[in-house]
Every structure is written in structure tokens, then in C-alpha cells.
Amino acid sequence: MSKYKVLVVGMGKRGMHHATSFNANPKFQVVGICDIDQKRLDDAAPKLGNPEKSLDAAALAKAVKPDVFCFCTLPNLRTPMIKAAVDSGAKLIAFEKPVTLTSAELFIVRDQIRHAGVKVVVSHQHRYGKHYQKVKEIVASGALGRVHTVYGSATGWMTHMLSHLIDYTCWFNDYTPATWAMAQAAGRAKLTDNHPSPDYIAGFVQFANGVRGIYECGAGAPDQPEVAKWWGKNRIGAQGTEGFVEVLTNGGWRAVTKSGGYQSGEGAMNYDADMPPYIQEMADWLDNDRNPHQCNFEHACLGAEIMLALQRSAIEGGQIVLPLANGVDEQTLLKSKLADRPVLVSCEQNKKEFGLA
Ligand SMILES: NC(=O)c1ccc[n+]([C@@H]2O[C@H](COP(=O)([O-])OP(=O)(O)OC[C@H]3O[C@@H](n4cnc5c(N)ncnc54)[C@H](O)[C@@H]3O)[C@@H](O)[C@H]2O)c1
């Protein structure tokens with residue numbers, strides 16, 4: 001059996017997770033790796049079977065002609081990587097959340113991808129955790145009655161976490177598109193982070209099936225005292241006429257339903273467990289067009305538009321119609337519009353994480 005050839009760009013934390021997981025799957029072989037940091041590249045190569053190495057992703061892609069072009073660079077780098085991937089003739093592009101930092105860039109990469117007709121996957125892989133799977137199973141079983149609300153909160157800041165929160169709630173809501181969003185944002189400390197974000201953003205979303213989405217990300221979002229790991233203090237759930245169910249990223253799941261009473265179970269986000277099924281679905285999609293990956297680009301775009309609409313509402317005020325009609329640079333606009341006042345936090349630990357302690 002010939003293997004799908006994989007190029008992985010960015011040998012940081014997530015690039016290494018991806019590259020090792022591709023090599024662990026019999027359907028894939030990493031044939032090329034790239035980083036602008038020579039030491040990272042040299043350190044990674046022997047762990048990955050000594051594939052071709054380069055400091056230049058586009059040149060390496062032309063040389064190795066990968067079936068899969070995977071990039072795990074920071075969120076500021078999307079358009080040139082997608083161009084390099086499309087130009088190389090790759091059949092599938094896999095990249096990290098968030099889809100883009102701005103709607104202007106979202107529109108550009110979406111056009112590139114749709115025009116090329118290439119398969120694309122975005123890494124919202126927490127969903128493979130057994131606790132996330134259980135929550136989805138309960139929502140889909142109908143045990144909540146009529147689902148009227150989905151919600152997600154995280155103390156981690158927006159560009160790290162909001163994409164995850166929105167994507168999993170959209171999954172619970174069967175990727176029904178949203179029709180509008182409205183939000184407020186506060187705090188400038190993380191605007192210059194490598195995951196640039198307001199320190200706190202909170203807002204509401206109307207989905208086309210009448211379901212309400214409620215999201216909070218950053219310093220003002222509530223603590224989840226049951227969870228010790230700060231990045232795992234994420235609570236994502238659904239409420240219906242006959243019950244509720246929610247997952248804590250590092251604290252299991254819990255539900256109360258009319259038919260089942262109180263139920264709960266364990267689970268904590270674990271890259272080693274979540275990456276293999278995420279990678280396997282890429283093989284399944286490459287093997288058969290009729291098996292699209294759950295984390296496909298069109299799903300990710302629905303969430304990306306919501307995330308950008310929330311930011312635009314925080315900038316402009318009022319409700320923002322979805323889908324978005326035009327692209328703007330939300331990052332620059334946030335920098336010019338956010339009030340110069342320190343964010344107010346929900347708990348002591350957030351003071352430290354947001355540089356206020
Ligand atoms: N899905 C998840 O659970 C999850 C978790 C953590 C991070 N992420 C996302 O993964 C992405 C990467 O995060 P990370 O923590 O691995 O970052 P990182 O800083 O550890 O790694 C990024 C790597 O990209 C390299 N790089 C930068 N510019 C490059 C270029 N032009 N060509 C080649 N390499 C280049 C850097 O040198 C670095 O080694 C981010 O978008 C982040 O939001 C996702």
C-alpha cells in the first residue's frame with residue numbers, strides 16, 4: 001500500500017504533535033519538514049525518520065509534492081501557507097485554528113481554497129475526547145428535549161480558545177448557520193500577544209434554527225474551580241426543555257435530564273488520545289470523497305465567521321448580520337477602538353495570567 005506523503009510546516013508544539021501522529025498512522029508518511037528555526041528543524045528530523053528539511057515551505061512543497069500539506073505556524077501566517085499548499089498540488093491541507101485573524105483574510109483564503117477544490121481540515125480536535133463525545137451523544141439522543149441554548153466559556157484568551165468553544169457548540173447544533181452576533185470586549189493587554197486578543201470578549205449568537213449561543217472568553221469569564229489546569233477551565237454545553245449537559249475540558253462531563261436524572265463521567269483533554277482519530281479521518285476522506293472530515297473547512301468557516309462577527313460587534317456596537325457581507329481587519333480595528341482601561345477579572349488567578357498581579 002502506498003502511503004500519503006505529508007509535509008509538516010512549523011516544528012513547534014503542534015507541528016510535532018501532527019508529524020508524530022501522521023507517522024504513527026500506516027496511511028501516512030512524513031516526507032518533509034520545515035521551520036524557520038534551524039535548531040528546531042534539526043532536533044525534529046531524527047524523531048520523524050529524517051525526512052527532507054527546509055527553511056522555506058513553498059520550495060520544499062514544490063520539491064516533495066506532498067499529498068497532505070500541514071502547517072502549524074502561529075495565527076499570523078495563513079494566506080502564504082495556503083498559497084504554497086495549493087501551488088504544490090496537495091490533495092489535502094491541514095492547519096491549526098483559528099482559521100484566520102481577520103475577516104479580510106478569511107475571504108481571501110476561502111476563495112483560494114474553494115477555487116482550488118482542495119480538501120481542508122482545521123484542528124478542532126478536542127472533540128475526540130471521550131467526555132466531549134459523551135456530551136455530543138446526549139445532545140444528539142434527544143434526551144435534552146428541544147435544545148434552545150448552547151454555550152461556551154474559557155478563561156484563556158480569545159485567539160487561543162474562542163474558535164474551540166464555537167466549533168464544539170456548532171457541532172452540538174449540527175452546524176446550523178448563525179444569522180447574527182452581538183458582543184462586548186475589554187482590556188488591551190493581550191492585543192500584542194502572539195495570539196492577539198482583547199483580554200475579555202462576551203457575546204450572543206442567534207442560530208437559524210432559533211438556538212441561542214452564549215460565549216465568553218478571557219479574563220472576565222468565570223472560573224471553573226472544579227478544574228485545576230488553567231487552560232482546561234473551559235465549560236461547553238447545551239440546554240434544552242428537558243435537561244442540560246456540559247463538558248469541562250479538563251474536568252469530565254455532567255448532565256441532568258428528565259429521563260436519566262443526574263449523570264457524570266470523567267475525561268480530560270489529551271493530545272495523544274485526540275490526534276489519532278483526527279488524523280485517521282484525513283485518511284478516510286482522502287480515500288473516499290464521501291467521507292468528509294468532521295473538522296472540514298466549511299464547518300470551521302461557520303465558526304470563524306461567528307468569531308469575527310462577535311469582534312466586529314465589539315468594535316462597531318449592535319448586532320452583526322451573518323454570514324458576513326465584507327471583509328475587514330478586525331485586529332487593527334480592535335486596537336483602535338478598545339478602551340484603555342484594565343480588564344476586570346473573575347478570579348485571582350486571571351490577574352496573574354493577564355499581567356495584573
Ligand atoms: N488545536 C489545539 O489544541 C491547539 C493547541 C495549541 C496551539 N494551537 C495552535 O497551533 C498553532 C501553532 O501553535 P504552537 O503552540 O505549535 O506554536 P509554536 O510557537 O510552538 O510553533 C510554531 C512554529 O512555527 C515556526 N514558524 C514560524 N514562521 C514560520 C515560517 N514562515 N515557516 C516555517 N515555520 C515557521 C516557528 O519557528 C515555530 O517553531 C497556533 O495557531 C495555535 O493557536 C492549537
# chains A, B, ... in the order shown; residues from 1 in each chain; ligands from 1
>>> select_by_dssp(residues="region 171-281 of chain A", states="helix (DSSP H, G or I)", output="VMD selection string")
chain A and resid 171 to 172 189 to 192 230 to 232 271 to 281
>>> residues_around(residues="region 348-357 of chain A", least_positions_apart="6", cutoff="12 Å", atoms="only C-alpha atoms", output="VMD selection string")
chain A and resid 154 to 157 187 to 191 193 197 to 200 217 to 225 228 to 231 233 341 to 342
>>> residues_near_ligand(ligand="ligand 1", cutoff="10 Å", atoms="only C-alpha atoms and all ligand atoms", output="ChimeraX atom specification")
/A:8-18,33-41,54-58,71-78,80-81,95-101,122-126,159-161,163-164,194-195,269-271,274-275
>>> closest_residue(among="A:Tyr128, A:Tyr278, A:Trp180, A:Tyr151", to="Glu216 (chain A)", atoms="only C-alpha atoms")
A:Tyr151
>>> residues_around(residues="region 108-116 of chain A", least_positions_apart="3", cutoff="8 Å", atoms="only C-alpha atoms", output="list in words")
Arg78, Thr79, Ile82, Lys83, Val86, Ala104, Glu105 and Val120 of chain A
>>> closest_residue(among="A:Thr20, A:Gln239, A:Gln133, A:Thr249", to="Val150 (chain A)", atoms="only C-alpha atoms")
A:Gln239
>>> residues_around(residues="Glu52 (chain A)", least_positions_apart="3", cutoff="10 Å", atoms="only C-alpha atoms", output="CSV table (one decimal) with all heavy atoms, in the first residue's frame")
chain,number,residue,atom,x,y,z
A,7,LEU,N,3.8,16.8,4.2
A,7,LEU,CA,4.8,17.8,4.6
A,7,LEU,C,4.2,18.6,5.8
A,7,LEU,O,3.0,18.9,5.8
A,7,LEU,CB,4.9,18.8,3.4
A,7,LEU,CG,5.6,20.1,3.7
A,7,LEU,CD1,7.0,19.9,4.1
A,7,LEU,CD2,5.5,21.0,2.4
A,30,VAL,N,5.6,11.1,6.8
A,30,VAL,CA,6.1,12.5,6.7
A,30,VAL,C,7.4,12.4,5.9
A,30,VAL,O,8.3,11.8,6.2
A,30,VAL,CB,6.4,13.0,8.2
A,30,VAL,CG1,7.1,14.4,8.1
A,30,VAL,CG2,5.2,13.1,9.0
A,31,VAL,N,7.3,13.2,4.7
A,31,VAL,CA,8.4,13.2,3.8
A,31,VAL,C,9.2,14.5,3.8
A,31,VAL,O,10.3,14.6,3.2
A,31,VAL,CB,8.0,12.9,2.3
A,31,VAL,CG1,7.4,11.5,2.2
A,31,VAL,CG2,7.0,14.0,1.9
A,32,GLY,N,8.6,15.5,4.5
A,32,GLY,CA,9.3,16.8,4.5
A,32,GLY,C,8.9,17.6,5.7
A,32,GLY,O,7.7,17.5,6.2
A,33,ILE,N,9.8,18.3,6.3
A,33,ILE,CA,9.5,19.2,7.5
A,33,ILE,C,10.2,20.5,7.2
A,33,ILE,O,11.2,20.6,6.6
A,33,ILE,CB,10.0,18.6,8.8
A,33,ILE,CG1,11.4,18.2,8.8
A,33,ILE,CG2,9.1,17.4,9.2
A,33,ILE,CD1,12.0,17.8,10.2
A,34,CYS,N,9.5,21.6,7.8
A,34,CYS,CA,10.0,22.9,7.6
A,34,CYS,C,9.9,23.7,8.9
A,34,CYS,O,8.9,23.6,9.6
A,34,CYS,CB,9.2,23.6,6.5
A,34,CYS,SG,9.4,25.4,6.3
A,45,ALA,N,14.1,16.3,13.1
A,45,ALA,CA,14.3,15.4,12.0
A,45,ALA,C,14.5,13.9,12.4
A,45,ALA,O,13.8,13.0,12.0
A,45,ALA,CB,15.4,15.8,11.1
A,49,GLY,N,12.0,10.2,11.4
A,49,GLY,CA,12.5,9.3,10.3
A,49,GLY,C,13.4,10.1,9.3
A,49,GLY,O,13.5,9.7,8.2
A,60,LEU,N,10.1,23.7,-0.5
A,60,LEU,CA,10.0,22.3,-0.1
A,60,LEU,C,8.8,21.6,-0.6
A,60,LEU,O,8.9,20.4,-1.1
A,60,LEU,CB,10.1,22.1,1.5
A,60,LEU,CG,10.2,20.7,2.0
A,60,LEU,CD1,11.4,20.0,1.6
A,60,LEU,CD2,10.1,20.8,3.6
A,63,ALA,N,9.3,20.7,-4.1
A,63,ALA,CA,10.3,19.6,-4.3
A,63,ALA,C,9.6,18.2,-3.9
A,63,ALA,O,9.8,17.3,-4.6
A,63,ALA,CB,11.5,19.8,-3.4
A,64,VAL,N,8.9,18.2,-2.8
A,64,VAL,CA,8.4,16.8,-2.3
A,64,VAL,C,7.0,16.5,-2.8
A,64,VAL,O,6.6,15.4,-2.7
A,64,VAL,CB,8.5,16.6,-0.8
A,64,VAL,CG1,9.9,16.9,-0.3
A,64,VAL,CG2,7.5,17.5,-0.1
>>> closest_residue(among="A:Arg254, A:His299, A:Lys5, A:His293", to="Thr176 (chain A)", atoms="only C-alpha atoms")
A:His299
>>> residues_around(residues="Thr332 (chain A)", least_positions_apart="3", cutoff="12 Å", atoms="only C-alpha atoms", output="list in words")
Leu101, Thr102, Ser103, Ala104, Leu191, Thr192, Pro196, Ser197, Pro198, Gln311, Arg312, Ile315, Val328, Asp329, Lys335, Ser336, Lys337 and Leu338 of chain A
>>> write_last_selection(atoms="N, CA and C atoms", output="PDB file, in the first residue's frame")
ATOM      1  N   LEU A 101      -7.092  35.489  11.457  1.00  0.00           N
ATOM      2  CA  LEU A 101      -7.229  36.552  12.466  1.00  0.00           C
ATOM      3  C   LEU A 101      -8.238  37.615  12.048  1.00  0.00           C
ATOM      4  N   THR A 102      -8.495  37.748  10.737  1.00  0.00           N
ATOM      5  CA  THR A 102      -9.397  38.813  10.272  1.00  0.00           C
ATOM      6  C   THR A 102     -10.358  38.257   9.226  1.00  0.00           C
ATOM      7  N   SER A 103     -11.489  38.946   9.054  1.00  0.00           N
ATOM      8  CA  SER A 103     -12.427  38.515   8.008  1.00  0.00           C
ATOM      9  C   SER A 103     -11.861  38.828   6.633  1.00  0.00           C
ATOM     10  N   ALA A 104     -11.032  39.875   6.520  1.00  0.00           N
ATOM     11  CA  ALA A 104     -10.409  40.182   5.224  1.00  0.00           C
ATOM     12  C   ALA A 104      -9.606  38.960   4.759  1.00  0.00           C
ATOM     13  N   LEU A 191      -3.512  42.316  23.282  1.00  0.00           N
ATOM     14  CA  LEU A 191      -3.587  42.727  21.868  1.00  0.00           C
ATOM     15  C   LEU A 191      -2.270  42.500  21.140  1.00  0.00           C
ATOM     16  N   THR A 192      -1.164  42.498  21.897  1.00  0.00           N
ATOM     17  CA  THR A 192       0.138  42.314  21.265  1.00  0.00           C
ATOM     18  C   THR A 192       0.715  40.906  21.484  1.00  0.00           C
ATOM     19  N   PRO A 196      -3.138  37.378  19.339  1.00  0.00           N
ATOM     20  CA  PRO A 196      -3.657  38.699  19.716  1.00  0.00           C
ATOM     21  C   PRO A 196      -5.161  38.686  19.969  1.00  0.00           C
ATOM     22  N   SER A 197      -5.559  39.315  21.083  1.00  0.00           N
ATOM     23  CA  SER A 197      -6.951  39.203  21.547  1.00  0.00           C
ATOM     24  C   SER A 197      -7.283  40.356  22.482  1.00  0.00           C
ATOM     25  N   PRO A 198      -8.563  40.757  22.532  1.00  0.00           N
ATOM     26  CA  PRO A 198      -8.975  41.560  23.690  1.00  0.00           C
ATOM     27  C   PRO A 198      -8.848  40.667  24.914  1.00  0.00           C
ATOM     28  N   GLN A 311     -16.344  39.936  17.240  1.00  0.00           N
ATOM     29  CA  GLN A 311     -15.346  41.005  17.354  1.00  0.00           C
ATOM     30  C   GLN A 311     -15.846  42.286  16.677  1.00  0.00           C
ATOM     31  N   ARG A 312     -16.477  42.098  15.529  1.00  0.00           N
ATOM     32  CA  ARG A 312     -16.941  43.287  14.817  1.00  0.00           C
ATOM     33  C   ARG A 312     -18.033  44.015  15.594  1.00  0.00           C
ATOM     34  N   ILE A 315     -16.488  46.064  18.161  1.00  0.00           N
ATOM     35  CA  ILE A 315     -15.873  47.260  17.570  1.00  0.00           C
ATOM     36  C   ILE A 315     -16.942  48.295  17.201  1.00  0.00           C
ATOM     37  N   VAL A 328     -13.030  42.822   6.736  1.00  0.00           N
ATOM     38  CA  VAL A 328     -12.307  43.961   7.324  1.00  0.00           C
ATOM     39  C   VAL A 328     -11.165  43.411   8.186  1.00  0.00           C
ATOM     40  N   ASP A 329     -10.357  44.342   8.704  1.00  0.00           N
ATOM     41  CA  ASP A 329      -9.237  43.945   9.565  1.00  0.00           C
ATOM     42  C   ASP A 329      -9.643  44.145  11.027  1.00  0.00           C
ATOM     43  N   LYS A 335      -7.600  47.310  17.998  1.00  0.00           N
ATOM     44  CA  LYS A 335      -6.522  48.127  18.582  1.00  0.00           C
ATOM     45  C   LYS A 335      -6.932  49.595  18.636  1.00  0.00           C
ATOM     46  N   SER A 336      -7.665  50.066  17.639  1.00  0.00           N
ATOM     47  CA  SER A 336      -8.027  51.487  17.647  1.00  0.00           C
ATOM     48  C   SER A 336      -9.247  51.773  18.522  1.00  0.00           C
ATOM     49  N   LYS A 337     -10.100  50.775  18.749  1.00  0.00           N
ATOM     50  CA  LYS A 337     -11.374  51.060  19.436  1.00  0.00           C
ATOM     51  C   LYS A 337     -11.424  50.656  20.905  1.00  0.00           C
ATOM     52  N   LEU A 338     -10.642  49.661  21.319  1.00  0.00           N
ATOM     53  CA  LEU A 338     -10.809  49.176  22.698  1.00  0.00           C
ATOM     54  C   LEU A 338     -10.394  50.244  23.710  1.00  0.00           C
TER      55      LEU A 338
END
>>> atom_distance(atom1="CA of Ala61 (chain A)", atom2="CA of Lys3 (chain A)")
16.8 Å
>>> residues_around(residues="Tyr215 (chain A)", least_positions_apart="2", cutoff="7 Å", atoms="only C-alpha atoms", output="list in words")
Tyr151, Gly152, Ser153, Ala202, Gly203, Phe204, Gly213 and Cys217 of chain A
>>> closest_residue(among="A:Ala186, A:Leu248, A:Phe207, A:Asp87", to="Val345 (chain A)", atoms="only C-alpha atoms")
A:Ala186
